[in-house]
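Chemist: Sharing a structure here in C-alpha coordinates format.
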Amino acid sequence: MTHRCVCWFCSILLLSAGLFGVAQVVAAPPAAPPLAATISVDDLVAQVKASTEEIERWLDSEASYNEHKDHVKDEANILTIVALVLAKHEQNHELQKTAPALIAPAQQLAKAKNFSEAQKSLVNLKEALGGQGDVKAPEWSRIAGLGSTMRRVAATHTKLRNSLKRLDPRRAADNARAATVLAAVGQAIIYDTHEVKDPADLPKWYTMSAEMRDACGELSKAIRAGDKGAATAAAERVQKNCDDCHAVFQP
(Lines give C-alpha, C1' and ligand atoms only; values in the text may rest on other atoms or scores of the structure.)
Protein backbone atom coordinates (compact mmCIF):
# COMPACT_ATOMS: atom_id res chain seq x y z
CA MET A 1 0.00 0.00 0.00
CA THR A 2 1.49 3.38 -0.99
CA HIS A 3 1.99 6.23 1.45
CA ARG A 4 -0.86 8.17 -0.21
CA CYS A 5 -3.21 5.18 0.12
CA VAL A 6 -2.24 4.68 3.74
CA CYS A 7 -2.99 8.36 4.51
CA TRP A 8 -6.32 8.16 2.69
CA PHE A 9 -7.23 4.95 4.55
CA CYS A 10 -6.28 6.45 7.91
CA SER A 11 -8.31 9.55 7.20
CA ILE A 12 -11.37 7.43 6.51
CA LEU A 13 -10.84 5.50 9.75
CA LEU A 14 -10.46 8.69 11.76
CA LEU A 15 -13.55 10.21 10.21
CA SER A 16 -15.54 7.05 10.89
CA ALA A 17 -14.30 6.87 14.45
CA GLY A 18 -15.25 10.49 14.99
CA LEU A 19 -18.74 9.99 13.60
CA PHE A 20 -19.40 6.80 15.48
CA GLY A 21 -17.78 8.19 18.59
CA VAL A 22 -20.31 11.02 18.66
CA ALA A 23 -23.12 8.50 18.27
CA GLN A 24 -21.79 6.44 21.15
CA VAL A 25 -21.74 9.31 23.65
CA VAL A 26 -25.46 10.02 23.11
CA ALA A 27 -27.04 8.27 26.08
CA ALA A 28 -29.96 5.99 25.30
CA PRO A 29 -33.11 6.32 27.40
CA PRO A 30 -33.42 3.82 30.24
CA ALA A 31 -35.74 0.86 29.97
CA ALA A 32 -39.12 1.45 31.58
CA PRO A 33 -39.36 -0.04 35.08
CA PRO A 34 -42.42 -1.97 36.29
CA LEU A 35 -45.04 0.77 36.32
CA ALA A 36 -47.29 -0.69 39.01
CA ALA A 37 -44.82 0.40 41.69
CA THR A 38 -45.42 4.09 41.02
CA ILE A 39 -48.43 4.51 38.71
CA SER A 40 -51.92 3.42 39.68
CA VAL A 41 -53.63 1.87 36.69
CA ASP A 42 -57.06 2.56 38.21
CA ASP A 43 -56.24 6.27 38.43
CA LEU A 44 -55.27 6.36 34.77
CA VAL A 45 -58.45 4.58 33.69
CA ALA A 46 -60.43 7.12 35.70
CA GLN A 47 -58.44 9.94 34.08
CA VAL A 48 -59.30 8.75 30.56
CA LYS A 49 -62.97 9.01 31.42
CA ALA A 50 -62.57 12.36 33.20
CA SER A 51 -60.56 13.89 30.35
CA THR A 52 -63.02 12.68 27.73
CA GLU A 53 -65.96 14.12 29.67
CA GLU A 54 -64.15 17.42 30.18
CA ILE A 55 -63.27 17.74 26.51
CA GLU A 56 -66.82 16.84 25.51
CA ARG A 57 -68.12 19.60 27.77
CA TRP A 58 -65.76 22.14 26.21
CA LEU A 59 -66.94 21.05 22.77
CA ASP A 60 -70.60 21.53 23.63
CA SER A 61 -70.69 24.49 21.24
CA GLU A 62 -68.36 26.38 18.95
CA ALA A 63 -68.39 29.34 21.33
CA SER A 64 -67.37 27.07 24.20
CA TYR A 65 -64.61 25.52 22.10
CA ASN A 66 -63.25 28.92 21.09
CA GLU A 67 -63.17 29.93 24.75
CA HIS A 68 -61.47 26.73 25.91
CA LYS A 69 -59.45 25.57 22.90
CA ASP A 70 -56.15 25.82 24.78
CA HIS A 71 -57.63 23.66 27.53
CA VAL A 72 -58.83 21.18 24.91
CA LYS A 73 -55.33 20.97 23.49
CA ASP A 74 -53.70 20.53 26.89
CA GLU A 75 -56.20 17.91 28.03
CA ALA A 76 -55.88 16.00 24.75
CA ASN A 77 -52.10 15.87 25.17
CA ILE A 78 -52.52 14.56 28.71
CA LEU A 79 -55.01 12.01 27.43
CA THR A 80 -52.50 10.90 24.79
CA ILE A 81 -49.86 10.29 27.46
CA VAL A 82 -52.28 8.53 29.80
CA ALA A 83 -53.38 6.24 26.95
CA LEU A 84 -49.76 5.40 26.14
CA VAL A 85 -48.91 4.56 29.74
CA LEU A 86 -52.06 2.46 30.02
CA ALA A 87 -51.11 0.66 26.82
CA LYS A 88 -47.66 -0.14 28.25
CA HIS A 89 -48.76 -0.86 31.84
CA GLU A 90 -48.13 -4.42 32.97
CA GLN A 91 -51.28 -4.67 35.09
CA ASN A 92 -54.57 -5.77 33.62
CA HIS A 93 -57.27 -3.11 33.41
CA GLU A 94 -60.56 -2.45 31.68
CA LEU A 95 -58.95 -0.41 28.90
CA GLN A 96 -56.26 -2.99 28.19
CA LYS A 97 -57.40 -3.56 24.62
CA THR A 98 -58.70 -0.08 23.82
CA ALA A 99 -55.93 2.12 25.26
CA PRO A 100 -53.62 1.86 22.21
CA ALA A 101 -56.50 2.90 19.93
CA LEU A 102 -57.09 6.07 21.97
CA ILE A 103 -53.70 7.54 21.14
CA ALA A 104 -54.29 8.58 17.51
CA PRO A 105 -57.64 10.37 18.04
CA ALA A 106 -56.29 12.07 21.16
CA GLN A 107 -53.31 13.33 19.14
CA GLN A 108 -55.67 14.53 16.40
CA LEU A 109 -57.72 16.36 18.99
CA ALA A 110 -54.62 18.06 20.37
CA LYS A 111 -53.73 19.25 16.86
CA ALA A 112 -57.24 20.33 15.84
CA LYS A 113 -57.24 23.76 14.20
CA ASN A 114 -60.94 24.50 14.55
CA PHE A 115 -64.22 23.38 16.09
CA SER A 116 -65.11 21.07 13.22
CA GLU A 117 -61.81 19.19 13.39
CA ALA A 118 -62.06 18.95 17.17
CA GLN A 119 -65.58 17.54 16.95
CA LYS A 120 -64.53 14.87 14.45
CA SER A 121 -61.58 13.90 16.61
CA LEU A 122 -63.81 13.63 19.66
CA VAL A 123 -66.17 11.33 17.77
CA ASN A 124 -63.19 9.14 16.80
CA LEU A 125 -61.97 9.17 20.39
CA LYS A 126 -65.34 8.06 21.78
CA GLU A 127 -65.62 5.34 19.14
CA ALA A 128 -62.17 4.06 20.09
CA LEU A 129 -63.11 4.20 23.77
CA GLY A 130 -66.22 2.14 23.14
CA GLY A 131 -64.57 -0.36 20.79
CA GLN A 132 -62.79 -3.63 21.41
CA GLY A 133 -59.45 -2.36 20.15
CA ASP A 134 -57.19 -4.00 17.59
CA VAL A 135 -54.28 -1.54 17.65
CA LYS A 136 -50.86 -2.72 18.78
CA ALA A 137 -49.35 -0.90 21.74
CA PRO A 138 -46.70 1.53 20.45
CA GLU A 139 -43.12 1.73 21.61
CA TRP A 140 -42.10 4.40 24.08
CA SER A 141 -41.48 7.57 22.09
CA ARG A 142 -42.21 11.28 21.86
CA ILE A 143 -45.98 11.22 21.60
CA ALA A 144 -47.49 14.51 22.82
CA GLY A 145 -46.76 18.22 22.64
CA LEU A 146 -44.32 18.92 25.45
CA GLY A 147 -45.12 22.62 25.88
CA SER A 148 -48.86 22.02 26.11
CA THR A 149 -48.35 19.04 28.40
CA MET A 150 -46.16 20.96 30.81
CA ARG A 151 -48.65 23.83 30.86
CA ARG A 152 -51.25 21.36 32.09
CA VAL A 153 -48.73 19.88 34.53
CA ALA A 154 -48.04 23.32 36.02
CA ALA A 155 -51.75 23.98 36.52
CA THR A 156 -52.28 20.58 38.16
CA HIS A 157 -49.22 21.00 40.37
CA THR A 158 -50.47 24.38 41.61
CA LYS A 159 -53.90 22.95 42.47
CA LEU A 160 -52.29 20.05 44.29
CA ARG A 161 -50.05 22.28 46.38
CA ASN A 162 -53.02 24.40 47.43
CA SER A 163 -55.12 21.36 48.23
CA LEU A 164 -52.39 19.73 50.30
CA LYS A 165 -52.50 22.57 52.82
CA ARG A 166 -55.57 20.90 54.30
CA LEU A 167 -55.41 17.38 52.84
CA ASP A 168 -59.20 17.26 52.70
CA PRO A 169 -60.20 13.56 52.70
CA ARG A 170 -63.15 14.42 50.46
CA ARG A 171 -60.64 15.38 47.76
CA ALA A 172 -58.28 12.46 48.35
CA ALA A 173 -59.34 10.37 45.34
CA ASP A 174 -59.19 13.31 42.91
CA ASN A 175 -55.88 14.58 44.28
CA ALA A 176 -54.30 11.12 44.24
CA ARG A 177 -55.42 10.71 40.63
CA ALA A 178 -53.94 14.10 39.71
CA ALA A 179 -50.60 13.09 41.22
CA THR A 180 -50.72 9.78 39.35
CA VAL A 181 -51.26 11.63 36.07
CA LEU A 182 -48.15 13.71 36.79
CA ALA A 183 -46.26 10.46 37.44
CA ALA A 184 -47.43 9.17 34.05
CA VAL A 185 -46.18 12.37 32.42
CA GLY A 186 -42.80 11.88 34.09
CA GLN A 187 -42.55 8.39 32.58
CA ALA A 188 -43.66 9.52 29.11
CA ILE A 189 -41.39 12.55 28.76
CA ILE A 190 -38.29 10.46 29.33
CA TYR A 191 -38.54 9.75 25.60
CA ASP A 192 -39.24 13.33 24.48
CA THR A 193 -35.75 14.80 24.36
CA HIS A 194 -36.17 17.36 21.59
CA GLU A 195 -35.66 20.24 24.03
CA VAL A 196 -32.33 18.84 25.24
CA LYS A 197 -29.90 21.00 23.29
CA ASP A 198 -26.68 19.39 24.54
CA PRO A 199 -26.45 15.59 24.17
CA ALA A 200 -24.31 15.55 27.29
CA ASP A 201 -27.42 16.62 29.24
CA LEU A 202 -29.48 13.61 28.15
CA PRO A 203 -28.69 11.60 31.33
CA LYS A 204 -29.92 14.55 33.40
CA TRP A 205 -33.16 14.64 31.41
CA TYR A 206 -33.70 10.91 31.91
CA THR A 207 -32.92 11.12 35.63
CA MET A 208 -35.10 14.16 36.28
CA SER A 209 -38.03 12.76 34.30
CA ALA A 210 -37.81 9.47 36.21
CA GLU A 211 -37.62 11.40 39.47
CA MET A 212 -40.80 13.26 38.50
CA ARG A 213 -42.47 9.90 37.95
CA ASP A 214 -41.29 8.43 41.24
CA ALA A 215 -41.90 11.52 43.39
CA CYS A 216 -45.40 12.06 42.01
CA GLY A 217 -46.18 8.36 42.44
CA GLU A 218 -45.08 8.63 46.06
CA LEU A 219 -47.26 11.72 46.48
CA SER A 220 -50.27 9.90 45.08
CA LYS A 221 -49.87 7.03 47.54
CA ALA A 222 -49.45 9.39 50.51
CA ILE A 223 -52.56 11.36 49.58
CA ARG A 224 -54.62 8.20 49.19
CA ALA A 225 -53.40 6.97 52.58
CA GLY A 226 -54.28 10.29 54.21
CA ASP A 227 -50.74 10.58 55.54
CA LYS A 228 -50.12 14.32 55.75
CA GLY A 229 -46.48 13.99 56.81
CA ALA A 230 -45.66 11.67 53.91
CA ALA A 231 -47.66 13.81 51.51
CA THR A 232 -45.80 16.94 52.60
CA ALA A 233 -42.43 15.23 52.18
CA ALA A 234 -43.41 13.89 48.77
CA ALA A 235 -44.71 17.30 47.69
CA GLU A 236 -41.37 18.85 48.67
CA ARG A 237 -39.61 16.20 46.62
CA VAL A 238 -41.82 17.01 43.64
CA GLN A 239 -41.13 20.74 44.01
CA LYS A 240 -37.37 20.16 44.22
CA ASN A 241 -37.54 18.07 41.06
CA CYS A 242 -39.38 20.89 39.27
CA ASP A 243 -36.84 23.48 40.43
CA ASP A 244 -33.85 21.30 39.54
CA CYS A 245 -35.23 20.52 36.10
CA HIS A 246 -36.01 24.13 35.23
CA ALA A 247 -32.55 25.16 36.39
CA VAL A 248 -31.06 22.98 33.67
CA PHE A 249 -33.75 22.93 30.98
CA GLN A 250 -35.18 26.41 30.56
CA PRO A 251 -38.64 26.48 28.96
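Ligands are numbered from 1 in the order shown, chains are lettered A, B, ... in the order of the C-alpha coordinates, and residues start at 1 in each chain.
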Using only C-alpha atoms, find each residue in segment 115-194 of chain A having at least one atom no more than 10 Å away from segment 78-97 of chain A; report its shortest atom-to-atom pair and that distance in Å (one decimal), rows by chain then rising number, as JSON lines.
Modeler:
```
{"residue": "A:Leu129", "atom": "CA", "partner": "A:Leu95", "partner_atom": "CA", "distance": 8.0}
{"residue": "A:Gly130", "atom": "CA", "partner": "A:Leu95", "partner_atom": "CA", "distance": 9.6}
{"residue": "A:Gly131", "atom": "CA", "partner": "A:Lys97", "partner_atom": "CA", "distance": 8.7}
{"residue": "A:Gln132", "atom": "CA", "partner": "A:Lys97", "partner_atom": "CA", "distance": 6.3}
{"residue": "A:Gly133", "atom": "CA", "partner": "A:Lys97", "partner_atom": "CA", "distance": 5.1}
{"residue": "A:Asp134", "atom": "CA", "partner": "A:Lys97", "partner_atom": "CA", "distance": 7.0}
{"residue": "A:Val135", "atom": "CA", "partner": "A:Lys97", "partner_atom": "CA", "distance": 7.9}
{"residue": "A:Lys136", "atom": "CA", "partner": "A:Ala87", "partner_atom": "CA", "distance": 8.7}
{"residue": "A:Ala137", "atom": "CA", "partner": "A:Ala87", "partner_atom": "CA", "distance": 5.6}
{"residue": "A:Pro138", "atom": "CA", "partner": "A:Leu84", "partner_atom": "CA", "distance": 7.5}
{"residue": "A:Glu139", "atom": "CA", "partner": "A:Lys88", "partner_atom": "CA", "distance": 8.3}
{"residue": "A:Trp140", "atom": "CA", "partner": "A:Leu84", "partner_atom": "CA", "distance": 8.0}
{"residue": "A:Ser141", "atom": "CA", "partner": "A:Leu84", "partner_atom": "CA", "distance": 9.5}
{"residue": "A:Arg142", "atom": "CA", "partner": "A:Ile81", "partner_atom": "CA", "distance": 9.5}
{"residue": "A:Ile143", "atom": "CA", "partner": "A:Ile81", "partner_atom": "CA", "distance": 7.1}
{"residue": "A:Ala144", "atom": "CA", "partner": "A:Thr80", "partner_atom": "CA", "distance": 6.5}
{"residue": "A:Gly145", "atom": "CA", "partner": "A:Ile78", "partner_atom": "CA", "distance": 9.1}
{"residue": "A:Leu146", "atom": "CA", "partner": "A:Ile78", "partner_atom": "CA", "distance": 9.8}
{"residue": "A:Ser148", "atom": "CA", "partner": "A:Ile78", "partner_atom": "CA", "distance": 8.7}
{"residue": "A:Thr149", "atom": "CA", "partner": "A:Ile78", "partner_atom": "CA", "distance": 6.1}
{"residue": "A:Met150", "atom": "CA", "partner": "A:Ile78", "partner_atom": "CA", "distance": 9.3}
{"residue": "A:Arg152", "atom": "CA", "partner": "A:Ile78", "partner_atom": "CA", "distance": 7.7}
{"residue": "A:Val153", "atom": "CA", "partner": "A:Ile78", "partner_atom": "CA", "distance": 8.7}
{"residue": "A:Thr180", "atom": "CA", "partner": "A:Val82", "partner_atom": "CA", "distance": 9.8}
{"residue": "A:Val181", "atom": "CA", "partner": "A:Val82", "partner_atom": "CA", "distance": 7.1}
{"residue": "A:Leu182", "atom": "CA", "partner": "A:Ile78", "partner_atom": "CA", "distance": 9.2}
{"residue": "A:Ala183", "atom": "CA", "partner": "A:Val82", "partner_atom": "CA", "distance": 9.9}
{"residue": "A:Ala184", "atom": "CA", "partner": "A:Val85", "partner_atom": "CA", "distance": 6.5}
{"residue": "A:Val185", "atom": "CA", "partner": "A:Ile81", "partner_atom": "CA", "distance": 6.5}
{"residue": "A:Gly186", "atom": "CA", "partner": "A:Ile81", "partner_atom": "CA", "distance": 9.8}
{"residue": "A:Gln187", "atom": "CA", "partner": "A:Val85", "partner_atom": "CA", "distance": 7.9}
{"residue": "A:Ala188", "atom": "CA", "partner": "A:Ile81", "partner_atom": "CA", "distance": 6.5}
{"residue": "A:Ile189", "atom": "CA", "partner": "A:Ile81", "partner_atom": "CA", "distance": 8.9}
```
Chemist: For the residues selected in the previous step, produce a file with N, CA, C and O atoms as a short mmCIF file (atom, residue, chain, number, x, y, z; two decimals), in the first residue's frame.
Modeler:
```cif
data_model
loop_
_atom_site.label_atom_id
_atom_site.label_comp_id
_atom_site.auth_asym_id
_atom_site.auth_seq_id
_atom_site.Cartn_x
_atom_site.Cartn_y
_atom_site.Cartn_z
N LEU A 129 -62.88 4.51 22.37
CA LEU A 129 -63.11 4.20 23.77
C LEU A 129 -64.17 3.12 23.94
O LEU A 129 -64.10 2.29 24.85
N GLY A 130 -65.15 3.12 23.05
CA GLY A 130 -66.22 2.14 23.14
C GLY A 130 -65.97 0.87 22.35
O GLY A 130 -66.76 -0.07 22.41
N GLY A 131 -64.87 0.80 21.62
CA GLY A 131 -64.57 -0.36 20.79
C GLY A 131 -63.81 -1.44 21.54
O GLY A 131 -63.50 -1.29 22.73
N GLN A 132 -63.52 -2.51 20.83
CA GLN A 132 -62.79 -3.63 21.41
C GLN A 132 -61.28 -3.46 21.28
O GLN A 132 -60.52 -4.04 22.03
N GLY A 133 -60.86 -2.64 20.30
CA GLY A 133 -59.45 -2.36 20.15
C GLY A 133 -58.69 -3.44 19.41
O GLY A 133 -58.73 -4.61 19.78
N ASP A 134 -58.02 -3.06 18.34
CA ASP A 134 -57.19 -4.00 17.59
C ASP A 134 -55.89 -3.31 17.17
O ASP A 134 -55.27 -3.67 16.18
N VAL A 135 -55.49 -2.30 17.94
CA VAL A 135 -54.28 -1.54 17.65
C VAL A 135 -53.16 -2.02 18.57
O VAL A 135 -53.36 -2.16 19.78
N LYS A 136 -52.01 -2.26 18.00
CA LYS A 136 -50.86 -2.72 18.78
C LYS A 136 -50.32 -1.58 19.64
O LYS A 136 -50.26 -0.43 19.21
N ALA A 137 -49.95 -1.90 20.85
CA ALA A 137 -49.35 -0.90 21.74
C ALA A 137 -48.07 -0.36 21.13
O ALA A 137 -47.21 -1.15 20.69
N PRO A 138 -47.90 0.96 21.06
CA PRO A 138 -46.70 1.53 20.45
C PRO A 138 -45.49 1.41 21.37
O PRO A 138 -45.61 1.10 22.55
N GLU A 139 -44.34 1.66 20.80
CA GLU A 139 -43.12 1.73 21.61
C GLU A 139 -43.08 3.07 22.34
O GLU A 139 -43.76 4.03 21.96
N TRP A 140 -42.30 3.13 23.39
CA TRP A 140 -42.10 4.40 24.08
C TRP A 140 -41.45 5.38 23.11
O TRP A 140 -40.46 5.06 22.46
N SER A 141 -42.02 6.58 23.01
CA SER A 141 -41.48 7.57 22.09
C SER A 141 -42.10 8.93 22.41
O SER A 141 -43.03 9.02 23.23
N ARG A 142 -41.60 9.95 21.77
CA ARG A 142 -42.21 11.28 21.86
C ARG A 142 -43.61 11.20 21.25
O ARG A 142 -43.76 10.86 20.08
N ILE A 143 -44.62 11.52 22.04
CA ILE A 143 -45.98 11.22 21.60
C ILE A 143 -46.95 12.38 21.76
O ILE A 143 -48.03 12.40 21.18
N ALA A 144 -46.58 13.39 22.56
CA ALA A 144 -47.49 14.51 22.82
C ALA A 144 -46.71 15.81 22.82
O ALA A 144 -45.48 15.81 22.98
N GLY A 145 -47.41 16.92 22.62
CA GLY A 145 -46.76 18.22 22.64
C GLY A 145 -46.24 18.56 24.02
O GLY A 145 -47.02 18.65 24.98
N LEU A 146 -44.93 18.73 24.14
CA LEU A 146 -44.32 18.92 25.45
C LEU A 146 -44.74 20.24 26.10
O LEU A 146 -45.05 20.28 27.29
N SER A 148 -47.47 22.10 25.67
CA SER A 148 -48.86 22.02 26.11
C SER A 148 -48.99 21.10 27.32
O SER A 148 -49.69 21.42 28.29
N THR A 149 -48.30 19.98 27.28
CA THR A 149 -48.35 19.04 28.40
C THR A 149 -47.86 19.67 29.68
O THR A 149 -48.49 19.55 30.74
N MET A 150 -46.73 20.36 29.60
CA MET A 150 -46.16 20.96 30.81
C MET A 150 -46.99 22.13 31.31
O MET A 150 -46.98 22.44 32.51
N ARG A 152 -50.24 22.07 31.31
CA ARG A 152 -51.25 21.36 32.09
C ARG A 152 -50.65 20.83 33.39
O ARG A 152 -51.28 20.85 34.45
N VAL A 153 -49.42 20.36 33.33
CA VAL A 153 -48.73 19.88 34.53
C VAL A 153 -48.60 21.01 35.56
O VAL A 153 -48.85 20.80 36.75
N THR A 180 -51.03 10.93 40.21
CA THR A 180 -50.72 9.78 39.35
C THR A 180 -50.55 10.21 37.90
O THR A 180 -49.65 9.71 37.20
N VAL A 181 -51.39 11.12 37.44
CA VAL A 181 -51.26 11.63 36.07
C VAL A 181 -49.90 12.31 35.88
O VAL A 181 -49.24 12.13 34.85
N LEU A 182 -49.47 13.08 36.88
CA LEU A 182 -48.15 13.71 36.79
C LEU A 182 -47.05 12.65 36.75
O LEU A 182 -46.04 12.82 36.06
N ALA A 183 -47.24 11.56 37.49
CA ALA A 183 -46.26 10.46 37.44
C ALA A 183 -46.21 9.86 36.05
O ALA A 183 -45.13 9.53 35.52
N ALA A 184 -47.38 9.71 35.42
CA ALA A 184 -47.43 9.17 34.05
C ALA A 184 -46.71 10.10 33.08
O ALA A 184 -46.01 9.64 32.17
N VAL A 185 -46.88 11.40 33.27
CA VAL A 185 -46.18 12.37 32.42
C VAL A 185 -44.67 12.22 32.59
O VAL A 185 -43.92 12.22 31.61
N GLY A 186 -44.23 12.07 33.84
CA GLY A 186 -42.80 11.88 34.09
C GLY A 186 -42.24 10.68 33.33
O GLY A 186 -41.15 10.75 32.75
N GLN A 187 -42.99 9.58 33.32
CA GLN A 187 -42.55 8.39 32.58
C GLN A 187 -42.52 8.66 31.08
O GLN A 187 -41.57 8.29 30.39
N ALA A 188 -43.55 9.32 30.56
CA ALA A 188 -43.66 9.52 29.11
C ALA A 188 -42.61 10.48 28.56
O ALA A 188 -42.08 10.27 27.47
N ILE A 189 -42.30 11.53 29.31
CA ILE A 189 -41.39 12.55 28.76
C ILE A 189 -39.94 12.12 28.79
O ILE A 189 -39.08 12.81 28.23
#
```
Chemist: Using Å and a single decimal, report how far atom CA of Ser163 of chain A sits from atom CA of Leu44 of chain A.
Modeler: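 These two atoms are separated by 20.2 Å.
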Chemist: Which residues come within 12 Å of Ile55 of chain A, counting only C-alpha atoms, excluding same-chain residues fewer than 3 positions away, as a VMD selection string?
Modeler: chain A and resid 47 to 52 58 to 61 64 to 65 68 to 79 106 109 to 110 115 118 to 119 121 to 123 125 to 126
Chemist: I'd like to know which of A:Ala172, A:Cys245, A:Ala178, A:Ala210 is closest to Asp227 of chain A, using only C-alpha atoms.
Modeler: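 Smallest distance to Asp227 of chain A is found for A:Ala172.
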Chemist: Mind the document's chain letters and residue numbers, and return as a count of residues only the residues of segment 38-158 of chain A that DSSP labels alpha helix (DSSP H).
Modeler: 87
Chemist: With distances taken over only C-alpha atoms, which residue among A:Ala128, A:Ser116, A:Asp214, A:Ala173 lies nearest Ala104 of chain A?
Modeler: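 Of A:Ala128, A:Ser116, A:Asp214, A:Ala173, the one nearest Ala104 of chain A, counting only C-alpha atoms, is A:Ala128.
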Chemist: How far is it from atom CA of Pro169 of chain A to atom CA of Ala154 of chain A, in Å with one decimal?
Modeler: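 Separation of atom CA of Pro169 of chain A and atom CA of Ala154 of chain A: 22.8 Å.
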Chemist: For a quick check of understanding, using only C-alpha atoms, which of A:Thr232, A:Ala32, A:Arg170, A:Lys221 has the smallest distance to Ile190 of chain A?
Modeler: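 Smallest distance to Ile190 of chain A is found for A:Ala32.
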Chemist: For Asn66 of chain A, which of A:Asn114, A:Thr38, A:Thr158, A:Gln250 is the closest residue, counting only C-alpha atoms?
Modeler: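 The answer is A:Asn114, which sits nearest to Asn66 of chain A.
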Chemist: Go through A:Gly226, A:Glu218, A:Tyr191, A:Val196 and flag the residue nearest Arg171 of chain A, using only C-alpha atoms for the distances.
Modeler: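 Ranking A:Gly226, A:Glu218, A:Tyr191, A:Val196 by distance to Arg171 of chain A, first place goes to A:Gly226.
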Chemist: Considering only C-alpha atoms, state which residue in the set A:Ala235, A:Ala37, A:Leu202, A:Met208 is at the smallest distance from Arg161 of chain A.
Modeler: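 For Arg161 of chain A, the nearest of the candidates is A:Ala235.
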Chemist: Any idea what the distance is between atom CA of Arg151 of chain A and atom CA of Ala31 of chain A?
Modeler: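 Answer for the atom CA of Arg151 of chain A to atom CA of Ala31 of chain A separation: 26.4 Å.
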